[in-house]
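Q: Let me begin by handing over the structure; questions about it come next.
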Amino acid sequence: MTVLNHLSAFAEHALRAAMPAAPRYAVSLIDRRTGKPHRISDIPLRLITGAPFETTCELMRHRDPSRWDTAIHRLDRKGAIR
């Protein structure tokens with residue numbers, strides 16, 4: 001193997017390091033009565049997305065806005081909520 005065999009992999013890693021990643025968001029469905037996230041099998045419903053407003057619209061489709069709300073949190077590069 002020569003260095004040329006690894007050049008494309010190196011270029012890909014260098015490109016990822018140089019270009020900023022697109023922001024990611026966590027969108028949660030919130031029950032207005034309790035103020036807590038909606039849970040399915042005791043796991044909070046949280047969707048990770050790059051388009052939070054479209055995801056919010058999809059979550060709220062066919063739901064009563066007086067009972068449900070959404071919360072949007074921006075995630076850092078490691079996936080933690082800021």
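Going by the structure tokens order, chains are called A, B, ..., each with residues numbered from 1, while ligands are numbered from 1 in the order shown.
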Find the spatial neighbours of Tyr25 in chain A, counting only C-alpha atoms, within a cut-off of 8 Å - ignore same-chain residues fewer than 2 positions away - and output them as a list in words.

A: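 Once the nearby chain positions are removed, what remains is Pro23, Val27, Ile48, Thr49, Gly50, Ala51, Pro52, Ile72, His73, Arg74 and Leu75 of chain A.
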
Q: Near Asp31 in chain A, counting only C-alpha atoms, which residues have an atom at most 9 Å away, once you skip same-chain residues fewer than 4 positions from it, shown as a VMD selection string?

A: chain A and resid 35 to 38 67 to 70

Q: So which residues of range 14-45 of chain A fall under strand (DSSP E or B) by DSSP, listed as a PyMOL selection string?

A: chain A and resi 24-31+36-37+39-40+43-44

Q: How far is it from CA of Lys78 in chain A to CA of Ala21 in chain A, in Å with one decimal?

A: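 CA of Ala21 in chain A lies at a distance of 11.1 Å from CA of Lys78 in chain A.
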
Q: Taking into account only C-alpha atoms, which residue in the set A:Ala26, A:Met19, A:Ala9, A:Ile40 is nearest to Gly79 in chain A?

A: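 Nearest to Gly79 in chain A: A:Ala26.
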
Q: Running DSSP on the backbone, which parts of range 12-79 of chain A land in alpha helix (DSSP H), as JSON, numbers by chain?

A: {"A": [12, 13, 14, 15, 16, 17, 18, 52, 53, 54, 55, 56, 57, 58, 59, 60]}

Q: From the list A:Arg61, A:Arg46, A:Arg77, A:Thr34, which residue is nearest Ala17 in chain A when using only C-alpha atoms?

A: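 Looking at the shortest contact to Ala17 in chain A, the residue is A:Arg77.
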
Q: In Å to one decimal, how far is CA of Ile81 in chain A from CA of Ala22 in chain A?

A: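 Interatomic distance here is 15.1 Å.
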
Q: Residues within 9 Å of Leu59 in chain A, please, as JSON, numbers by chain. Count only C-alpha atoms; anything in the same chain fewer than 2 positions from it doesn't count.

A: {"A": [27, 28, 29, 54, 55, 56, 57, 61, 62, 63, 70]}

Q: Restrict the selected residues to N, CA and C atoms and save them as a compact mmCIF listing (two decimals), in the first residue's frame.

A:
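Output below, filename selection.txt:
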```
# COMPACT_ATOMS: atom_id res chain seq x y z
N VAL A 27 -36.11 18.15 19.22
CA VAL A 27 -37.49 18.64 19.30
C VAL A 27 -38.29 17.66 20.16
N SER A 28 -38.92 18.17 21.20
CA SER A 28 -39.71 17.35 22.12
C SER A 28 -41.16 17.78 22.09
N LEU A 29 -42.05 16.82 22.26
CA LEU A 29 -43.48 17.08 22.38
C LEU A 29 -43.78 17.20 23.87
N GLU A 54 -39.96 22.40 10.69
CA GLU A 54 -40.72 21.41 9.95
C GLU A 54 -41.07 20.22 10.85
N THR A 55 -40.15 19.83 11.70
CA THR A 55 -40.40 18.73 12.63
C THR A 55 -41.49 19.10 13.63
N THR A 56 -41.47 20.34 14.10
CA THR A 56 -42.50 20.83 15.01
C THR A 56 -43.87 20.77 14.34
N CYS A 57 -43.95 21.19 13.10
CA CYS A 57 -45.23 21.13 12.38
C CYS A 57 -45.73 19.70 12.25
N ARG A 61 -49.20 18.13 13.98
CA ARG A 61 -50.28 17.82 13.04
C ARG A 61 -51.27 16.86 13.69
N HIS A 62 -52.53 17.19 13.61
CA HIS A 62 -53.65 16.41 14.18
C HIS A 62 -53.61 16.36 15.71
N ARG A 63 -52.97 17.32 16.35
CA ARG A 63 -52.95 17.38 17.83
C ARG A 63 -53.62 18.69 18.27
N THR A 70 -44.44 22.16 21.87
CA THR A 70 -43.15 21.58 21.52
C THR A 70 -42.04 22.41 22.14
```
